[in-house]
Every structure is written in C-alpha cells, then in structure tokens.
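Notes for the one structure printed next.
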Amino acid sequence: MKKTANTHIPRRIVLGAALTAAGLALSGCGGGASPASAGDVELNFVFWGDANRAKVTEEALRIFEQKNPGIKVKTEYQDSGPYADKLATRFAGGNPPDVLAMANRSLLEYAQRGALADLKKLPELKLDAVPETVLSRGTVDGKLYGLATGVTTIGMVVNKTITDEAGVTIPDDKTWSWDDYAKFANEVTQKTGGKVYGAGYDVATETGPILLARQRGEDFYTKDNKLGVSEETIRDWFQYSVDLRKTGGYPPAGFFEQIGGSPAQSYLAKGTVASQIIPINNFKGYNDAVEGDVVLLRIPGETSAERRGYSADPTMLWSIAAKSKHPKEAAKLVDFLTNDSEGAAHTLTQRGVPINPSVAESITAKLSTDDKAFVDLMAAIQEDDLPPAYVYPKGASLVADTLKQLATEVEFGRISPADAAKTFLEKSNAAINK
Amino acid sequence: MSVLTKQPKVLPTGPMMNQPGRGARKVSRRKRQRSGYLFLLPWFIGMLFTVIPFFASLYLAFTDYNLFNEPTWVGLANFQAMFEDPRLWQSLKVTFIYTFVSVPISLAAALAVALVLNRGIRGLPIYRSVYYLPSLLGGSVAIVMLWRYIFGNDGIVNSFLGLFGIQGPSWVTDPQFSLTTLIVLNVWTFGSPMVIFLAGLRQVPAMYYEAASIDGASKWRQFRNITIPLISPIIFFNLIMQLIGSFQTFTQGYVMSGGTGGPADSTLFYNLYLYQKGFTEFEMGYASAMAWVLLMIIAIFTAINFIASKFWVFYDN
C-alpha cells in the first residue's frame with residue numbers, strides 16, 4: 001500500500017515555486033513615467049495635506065495659470081506620511097516633481113545630497129520682501145534650498161466647553177508654567193470623573209522638546225547643524241508625561257492609537273481629551289472638527305523659564321528639484337506662491353502666515369475668526385524678543401523616529417526617562433550628519 | 001494498485017500534467033504544451049521587468065548608494081555594518097518570531113478546516129470560498145486597517161473581553177501585544193493552504209480508509225497512518241510557501257504601524273526595515289544588501305526543509 005500517484009507535488013516543482021517566490025523580493029518596485037506635454041510647459045507640483053488644502057491650492061493655481069500662459073500645473077497631494085515616502089521614491093527614480101513641499105526635518109536630507117536647486121540662483125523668484133530670519137531657515141552654506149510657505153508655531157488648544165462644564169478655570173496662558181498646566185490637566189480628569197483626560201499632547205513629536213529646550217536656553221538643533229539639547233531636558237520632557245500619567249492628567253499607556261491624523265481624527269475631536277498641542281495654523285481645522293468651543297493658548301512655561309521658547313517657524317518649505325527640466329517656470333510658481341496677493345486670497349493662512357508682509361497684510365480682512373486668532377497670536381508672540389532658530393540638520397528625520405520609539409518605550413515603562421534620554425542622545429548624535 | 005495510478009484527477013498546481021496514462025494522443029499533448037507556454041507568457045513578460053532590478057540590486061549591495069548620487073563601490077562594508085546594526089537584529093527577531101509562531105499554527109488550522117470540509121458537507125463551494133476569502137484579503141491595506149479597529153482599545157475584541165470583566169490590553173499600541181495581533185491576522189488567512197490541502201485530501205482513495213476500518217483502525221490511526229503520509233507532499237509544499245511568504249511580510253507591519261515598525265520596533269519586520277533603509281534613510285546600498293541576505297536566509301531554510309523532507313515526505317517514485 002505504499003504507492004500513490006495522485007497527491008504529490010514533486011520536489012523540483014516546490015523548489016521552482018520557492019525560487020520564484022523568494023526572487024520576487026529582490027526586484028523591488030518599478031518606477032513611473034512622466035507625461036510629456038506638447039507646447040505648454042507642464043509643472044508637477046506636489047504637497048501634503050487634506051482635501052480642503054488641495055481645493056484652495058487649486059483655486060490659487062488657476063490664477064497662476066491665467067497670469068502665466070503656457071504654463072500648466074499638475075498637482076498631487078497626500079497625507080504627510082505617505083507623501084514623504086512617495087517623494088523619496090520619486091527622487092530616487094530620477095523623476096522628481098518640479099515644485100514640492102518639504103518638511104523642515106527633511107530639507108537637508110535632500111539638499112545635502114544635491115537634490116534641490118539653489119533658489120537664490122533663480123531670478124524669477126523675488127526675495128526682496130522676505131525677512132532674513134525666514135530665509136535663514138532654508139539656507140545652508142549660503143544656498144537657499146527651501147523657502148518657507150508661511151510661518152507658524154505650536155500652541156495649546158483647550159476644549160472650553162468641557163472645562164466649563166467641569167467647572168475648571170483655564171489658567172492665564174501668558175504666564176502659565178508647566179506646573180500650572182499639570183495642575184489644570186489633573187483637575188479636568190478629576191472633575192470629569194475620568195471621562196476626559198486633561199492633557200492629550202503628543203510626547204513623541206519633536207516640536208515639543210524643541211520648544212522646551214529653547215525655554216531652557218538650549219538649542220535643540222544648533223547654528224552649526226548639530227544636536228544641542230541636553231540629556232536633562234529630554235529626560236524631563238519624558239518624566240513630565242510619566243508624572244502626569246501617574247496623577248491622572250494624562251491618559252494611560254496605549255490610549256493613543258493614532259496620532260498625527262487630521263483634526264477630525266484627533267482625540268480632541270472625539271472629546272476624550274481636553275487639551276492638545278497643535279501647529280497653530282491648523283487651529284481653524286480643530287475648532288471646526290471639535291464639538292464645542294476651542295480656545296487657542298500659548299505653550300506653558302514661556303515666562304516662567306529662562307527665555308522664550310517660541311520661534312516663528314516655517315510651516316513647511318517650497319523647494320525646487322535640482323533636476324527639474326523647467327527651473328524658470330518652477331521659480332515663477334514659487335514666486336507666485338510667495339508674493340502674489342490674489343493667489344494668497346484663496347490659500348489664506350493654510351500654510352502659515354504668508355512670509356511676504358504685504359501679502360499677509362492683504363489677506364487680513366478675508367480671514368475667519370479662527371484664522372485671525374492664529375495670525376494675532378503669531379504676531380503677539382513675535383513682539384517678544386525671541387532667540388534665533390536654525391535649520392534642522394541632515395538626519396533630523398531619524399532623530400524624530402528615535403524620539404517616537406523611545407517615547408513609546410517610556411510610555412509602557414520599558415525604560416526609565418533617564419535611560420531613554422541617554423539613548424536618545426547617543427542615537428541622535430550618531431544619526432546627524434552621518 | 002493499477003486502479004490507483006490510473007485515477008487522472010489533477011491538483012490545482014500543474015505538475016500532474018506529466019503523468020503518463022492519459023496523454024495517449026500525441027497531437028493533443030503538444031497542443032497542451034503550447035497552451036501551457038501561452039499561459040506562462042504573461043509571467044515571462046513580467047519577468048523582464050524583474051530581471052534587471054534583480055541584478056541591479058546585487059550590484060548595489062556592494063555599493064554606497066543614496067539614491068541621488070552615483071553609487072560608489074564599498075565591497076563588503078554593507079554586510080559588515082549589518083552585524084553591528086541593532087535594529088537589523090531586532091527586525092530579524094520580529095520576523096523569526098512571526099514566522100515560527102504563525103506558520104505552524106496557520107498550517108494546522110488550514111489542515112483542520114480542510115479535514116472538516118472534506119467530509120462532504122453540503123454547500124462545500126460556499127464554505128470553501130468563505131474560508132479562502134481572508135487569504136485573498138489578508139495582505140490588503142483595508143483588512144489591516146480593519147484589524148486595527150477590531151483590536152483597538154474600544155474594538156470588538158476588548159468589548160468581548162469586557163463582557164467577562166476583563167480589561168483587555170492595547171493590542172495595537174502596546175509593544176508587548178502588537179506582534180501577537182499581527183500573528184493572529186496571519187493565522188486567520190489560512191485559506192490558500194487550506195484549499196490546497198482540500199484538493200490533496202480529495203485525492204486520497206477512499207479504499208484505504210475502507211480497508212483500514214475493516215482492520216479496526218481508529219479514526220486517529222487512519223489520519224496518522226493514511227492521511228498524513230499521503231498528503232505529506234502537500235504539507236511540504238504549503239510549509240515552504242508559507243515560510244517564504246512570512247519571511248517577506250511587509251504590508252501588515254507597514255499599515256499597522258503607519259510605516260514605523262512601532263510601537264517601539266515591535267512590528268519592525270525585516271522587509272519593513274529594508275524599506276525604511278532604502279526609502280526613508282536613503283541607504284539603498286544597505287537595503288540591497290539586506291535583500292540579498294534575506295534571500296540567503298530563505299534559501300537556507302528552504303534547503304534545510306528539503307533535506308529534512310527526505311525523512312517525512314512520502315513519494316511513490
């Protein structure tokens with residue numbers, strides 16, 4: 001009874017299948033083809049954001065096309081995560097977009113590999129009206145690789161409907177310290193019976209510790225493109241959330257499942273947290289998404305610390321690919337995005353306060369209450385004497401990843417804040433300018 | 001015996017074509033061969049697009065290549081660097097745990113369900129489709145997203161546990177459980193090995209079981225001494241394919257963690273890390289070297305299996 005003819009798959013067939021399956025992994029994925037256009041110059045313009053941002057951008061671009069006959073602009077947009085991945089792939093495939101939105105943390109990754117054009121060399125882009133402090137945030141070795149799309153900073157948003165119902169007073173944000181914020185957060189959790197957590201900021205995003213470091217007289221990233229933050233500051237940043245979690249003001253480990261989504265997906269919108277740190281150009285988006293009244297506040301610790309932590313930062317940067325076939329037209333587009341009031345009338349403060357003061361001035365009347373609150377806070381912050389801020393070094397995105405990873409380890413108690421801070425410095429220093 | 005060898009049933013895979021017995025008419029055989037190659041044609045065309053990247057990656061493995069500038073030859077430096085890269089070891093750990101836990105479980109589940117379905121229940125095609133469906137969807141982004149919700153803090157799983165007064169953990173965000181969640185997802189997609197098992201089981205001649213029952217063999221004995229040996233080539237095939245597939249896991253880890261391999265690198269699959277190296281850290285030379293090391297790892301495990309198969313896989317010729 002040993003023979004059976006029917007149930008076997010011979011070894012060599014299994015081997016063949018195995019080789020095929022394994023080999024496919026090595027070939028990776030293919031590239032795309034760029035469409036050719038006849039007569040007109042077609043610019044490929046990519047950015048990250050949501051449908052609303054895309055809509056107002058398209059409106060502005062139609063004006064650009066009217067003003068510049070012979071230039072067509074084709075846009076693509078995604079969420080920031082997939083955008084970063086796709087951008088890298090396109091540059092890698094030798095098919096970069098002409099004009100693109102660049103994140104602060106990625107700028108030098110691209111620039112120092114020769115992938116971006118020096119914007120100062122393109123006379124179509126007029127930079128006379130742009131303040132030097134803004135230019136410096138995209139400049140390395142005298143070359144301008146990225147021009148701010150606008151300026152913004154981070155702020156604290158609080159759902160006032162929740163705090164009012166709970167009977168908690170929001171402290172004066174002009175003078176509140178980090179201790180005041182902790183007390184406030186604990187009180188909210190307590191008075192809502194644990195239904196709402198007082199604090200819901202993201203520990204793992206680098207803008208938080210960057211600001212904390214500045215308050216303490218340190219530069220997270222220094223003038224000579226190095227890591228300048230101290231181990232103590234990182235430790236305290238982690239420790240603060242650990243303590244706040246213990247006292248109830250901050251949600252338990254594992255609570256945040258998705259961070260960095262749109263305002264509608266935020267925990268503030270879900271009503272499970274009462275406050276959050278956001279880039280304040282998104283304030284309107286949050287107030288629209290949240291049921292209830294959201295107020296925009298300064299980050300704690302601005303007056304109780306050594307110096308101001310705030311800086312007016314590029315929301316994102318416009319860059320032009322070094323390999324763009326149409327650098328002149330691309331420069332015209334960036335010039336339009338920067339200096340044209342008619343275009344700005346559509347995009348408003350979508351990507352921060354316009355960097356050209358007269359453009360910023362021209363849109364003031366058109367702003368909604370929430371956008372006006374953002375612009376006003378931005379202006380008020382800049383009235384103070386703010387210490388200078390610098391370009392993020394090459395390797396900054398790895399630093400951001402490291403922070404995220406260690407924040408999770410701390411969250412679940414797998415590592416102490418002190419050890420996490422030590423590891424953070426080691427890994428970050430190794431990653432920067434590698 | 002001769003009755004057995006003449007049963008011309010064919011498995012869903014192609015090899016039975018070569019069986020003697022049926023292809024008596026030569027013309028039809030040649031015709032069949034031709035149509036066989038015709039069916040292979042799309043694969044050959046696709047092959048052209050993989051051959052070049054295949055060899056390019058072999059070259060790049062020995063270079064420092066940041067995607068923007070020309071690659072520079074660095075010899076074995078990438079491979080040396082891999083030894084000192086803690087995240088690489090972490091990714092190997094994740095991949096090995098995932099593979100060696102989920103493959104045996106999903107194969108066992110596949111075989112168990114195939115055995116039940118093989119009993120000739122009514123509506124077999126429906127059941128077969130229902131169980132097969134997950135394996136079509138399991139690697140898809142939508143299902144992984146769905147999984148996030150099912151295993152989310154307020155998801156079905158924790159609601160169910162809540163009925164018994166158990167406070168479920170954060171299946172997705174807690175580094176202790178995140179990989180488990182993905183293993184469960186993989187086990188759930190046992191459909192494709194199940195279908196192959198089912199086809200194999202249907203080939204086992206009923207007369208063996210009849211003879212065995214007359215001799216008084218229990219169901220378990222029949223399973224062990226008839227079913228297992230007769231379908232051992234199928235088990236072997238499924239084992240190899242599942243192993244290779246799970247060594248190359250990418251989508252699940254990528255979608256579940258938003259591309260980071262988090263929380264805390266607990267779902268950093270080898271291929272996900274390879275992708276990060278290549279496309280977010282711009283170290284394509286290193287990533288290529290990683291790809292070839294993975295090929296070697298898979299080759300070694302496949303070879304071990306082939307050697308071991310001599311002791312448990314049962315062929316008649």
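Identifiers in this document derive from the order of the structure tokens: chains are assigned A, B, ..., residues are numbered from 1 separately in each chain, and ligands are numbered from 1 in order of occurrence.
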Output as a ChimeraX atom specification the set of chain B residues within 7 Å of chain A, with distances taken over only C-alpha atoms.
-> /B:4-5,15,50,53-54,57,67-68,170,173-174,200,203,230-231,233-234,237,240-241,244,262-264,279-280,291,295,315-316
Contacts of Val334 of chain A at 9 Å (only C-alpha atoms; same-chain gap of 2+ positions) as a PyMOL selection string | chain A and resi 99+124-125+147+318-320+329-332+336-339
Neighbours of Ile355 of chain A within 9 Å (only C-alpha atoms; same-chain residues fewer than 6 positions away dropped), as a short mmCIF file (atom, residue, chain, number, x, y, z; two decimals) with C-alpha atoms, in the first residue's frame?
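What follows is the written file part-v4.cif:
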data_model
loop_
_atom_site.label_atom_id
_atom_site.label_comp_id
_atom_site.auth_asym_id
_atom_site.auth_seq_id
_atom_site.Cartn_x
_atom_site.Cartn_y
_atom_site.Cartn_z
CA ALA A 129 10.23 91.27 0.68
CA VAL A 130 11.15 88.15 2.63
CA PRO A 131 12.69 88.76 6.08
CA VAL A 134 12.75 83.44 7.34
CA ALA A 148 9.00 78.94 4.00
CA THR A 149 5.42 78.55 2.78
CA GLY A 150 4.43 80.66 5.74
CA VAL A 151 5.28 80.77 9.40
CA THR A 338 5.16 83.68 -2.05
CA ASN A 339 4.45 87.15 -3.42
#
Excluding segment 150-163 of chain B and any residue of its chain fewer than 4 positions from it, enumerate the residues within 8 Å of it, using only C-alpha atoms, and give them as an MDAnalysis selection string.
-> (chainID A and resid 255 257) or (chainID B and resid 146 167:172 181)
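Distance check against Gly259 of chain B using only C-alpha atoms: of B:Val184, B:Leu272, B:Ile297, B:Ala61, the minimum falls on B:Leu272.
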Work out how far atom CA of Gly198 of chain A is from atom CA of Ala373 of chain A, in Å to one decimal.
->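 According to the coordinates, atom CA of Ala373 of chain A and atom CA of Gly198 of chain A are separated by 22.7 Å.
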Quick one: pull the distance between atom CA of Thr347 of chain A and atom CA of Tyr390 of chain A, Å, one decimal.
-> 26.3 Å
Out of segment 153-184 of chain B, which residues get alpha helix (DSSP H) from DSSP, as an mmCIF file with N, CA and C atoms, in the first residue's frame?
data_model
loop_
_atom_site.group_PDB
_atom_site.id
_atom_site.type_symbol
_atom_site.label_atom_id
_atom_site.label_comp_id
_atom_site.auth_asym_id
_atom_site.auth_seq_id
_atom_site.Cartn_x
_atom_site.Cartn_y
_atom_site.Cartn_z
ATOM 1 N N ILE B 156 -13.869 45.311 18.950
ATOM 2 C CA ILE B 156 -14.711 44.157 19.249
ATOM 3 C C ILE B 156 -14.055 43.242 20.282
ATOM 4 N N VAL B 157 -12.761 43.007 20.106
ATOM 5 C CA VAL B 157 -12.071 42.058 20.973
ATOM 6 C C VAL B 157 -12.145 42.495 22.430
ATOM 7 N N ASN B 158 -11.824 43.773 22.665
ATOM 8 C CA ASN B 158 -11.849 44.244 24.044
ATOM 9 C C ASN B 158 -13.272 44.372 24.597
ATOM 10 N N SER B 159 -14.229 44.673 23.713
ATOM 11 C CA SER B 159 -15.620 44.701 24.175
ATOM 12 C C SER B 159 -16.039 43.311 24.622
ATOM 13 N N PHE B 160 -15.618 42.312 23.833
ATOM 14 C CA PHE B 160 -15.942 40.928 24.166
ATOM 15 C C PHE B 160 -15.322 40.530 25.503
ATOM 16 N N LEU B 161 -14.040 40.853 25.662
ATOM 17 C CA LEU B 161 -13.368 40.555 26.931
ATOM 18 C C LEU B 161 -14.060 41.280 28.081
ATOM 19 N N GLY B 162 -14.549 42.483 27.772
ATOM 20 C CA GLY B 162 -15.221 43.277 28.786
ATOM 21 C C GLY B 162 -16.452 42.588 29.354
ATOM 22 N N LEU B 163 -17.116 41.761 28.524
ATOM 23 C CA LEU B 163 -18.295 41.018 28.979
ATOM 24 C C LEU B 163 -17.949 40.108 30.150
ATOM 25 N N SER B 178 1.509 43.940 20.158
ATOM 26 C CA SER B 178 1.289 44.337 18.766
ATOM 27 C C SER B 178 1.632 43.221 17.780
ATOM 28 N N LEU B 179 2.718 42.489 18.050
ATOM 29 C CA LEU B 179 3.105 41.422 17.126
ATOM 30 C C LEU B 179 2.102 40.267 17.192
ATOM 31 N N THR B 180 1.635 39.984 18.400
ATOM 32 C CA THR B 180 0.616 38.938 18.558
ATOM 33 C C THR B 180 -0.590 39.235 17.674
ATOM 34 N N THR B 181 -1.009 40.491 17.670
ATOM 35 C CA THR B 181 -2.161 40.879 16.868
ATOM 36 C C THR B 181 -1.930 40.550 15.394
ATOM 37 N N LEU B 182 -0.703 40.808 14.930
ATOM 38 C CA LEU B 182 -0.394 40.523 13.525
ATOM 39 C C LEU B 182 -0.302 39.023 13.267
ATOM 40 N N ILE B 183 0.164 38.274 14.269
ATOM 41 C CA ILE B 183 0.226 36.823 14.108
ATOM 42 C C ILE B 183 -1.183 36.263 13.973
ATOM 43 N N VAL B 184 -2.089 36.774 14.783
ATOM 44 C CA VAL B 184 -3.481 36.328 14.685
ATOM 45 C C VAL B 184 -4.035 36.636 13.292
#
Tell me, as a ChimeraX atom specification, which residues lie within 10 Å of Asn68 of chain A, counting only C-alpha atoms; anything in the same chain fewer than 4 positions away does not count.
-> /A:62-64,72,329,332-333
Restricting the output to C-alpha atoms, write the selected residues as a JSON list (two decimals), in the first residue's frame.
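The result, stored in out_17.json:
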[["chain", "number", "residue", "atom", "x", "y", "z"],
["A", 62, "ARG", "CA", -5.83, 78.62, -11.73],
["A", 63, "ILE", "CA", -4.95, 82.28, -11.17],
["A", 64, "PHE", "CA", -1.28, 81.44, -11.68],
["A", 72, "LYS", "CA", 0.18, 74.26, -16.75],
["A", 329, "GLU", "CA", 8.75, 78.17, -14.65],
["A", 332, "LYS", "CA", 7.76, 81.59, -11.24],
["A", 333, "LEU", "CA", 5.38, 79.30, -9.40]]
Write out as a list of chain:residue names each polymer residue whose atoms come within 12 Å of Gly191 of chain B, counting only C-alpha atoms; drop sequence neighbours fewer than 5 positions from it.
->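 Selected residues are B:Ser106, B:Leu107, B:Ala108, B:Ala109, B:Ala110, B:Leu111, B:Ala112, B:Val113, B:Ala114, B:Tyr127, B:Arg128, B:Ser129, B:Val130, B:Tyr131, B:Tyr132, B:Leu133, B:Pro134, B:Ser135, B:Leu136, B:Leu137, B:Gly138, B:Asn186, B:Ile196, B:Phe197, B:Leu198, B:Asn238, B:Gln242.
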Using only C-alpha atoms, which residues sit within 12 Å of Arg87 of chain B once same-chain residues fewer than 6 positions away are excluded, as a list in words?
->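 Once the nearby chain positions are removed, what remains is Thr402, Gln405 and Lys427 of chain A; Ala81, Lys93, Val94, Gly261, Gly262, Ala264, Asp265, Ser266, Thr267, Leu268, Phe269, Tyr270, Leu272, Tyr273, Leu274, Gln276 and Lys277 of chain B.
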Between atom CA of Thr75 of chain A and atom CA of Asp50 of chain A, what is the spacing in Å?
->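 Distance reported for this atom pair: 13.0 Å.
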Among listed residues A:Ala322, A:Val229, A:Val273, A:Ile71, nearest Gly217 of chain A (using only C-alpha atoms) | A:Val229
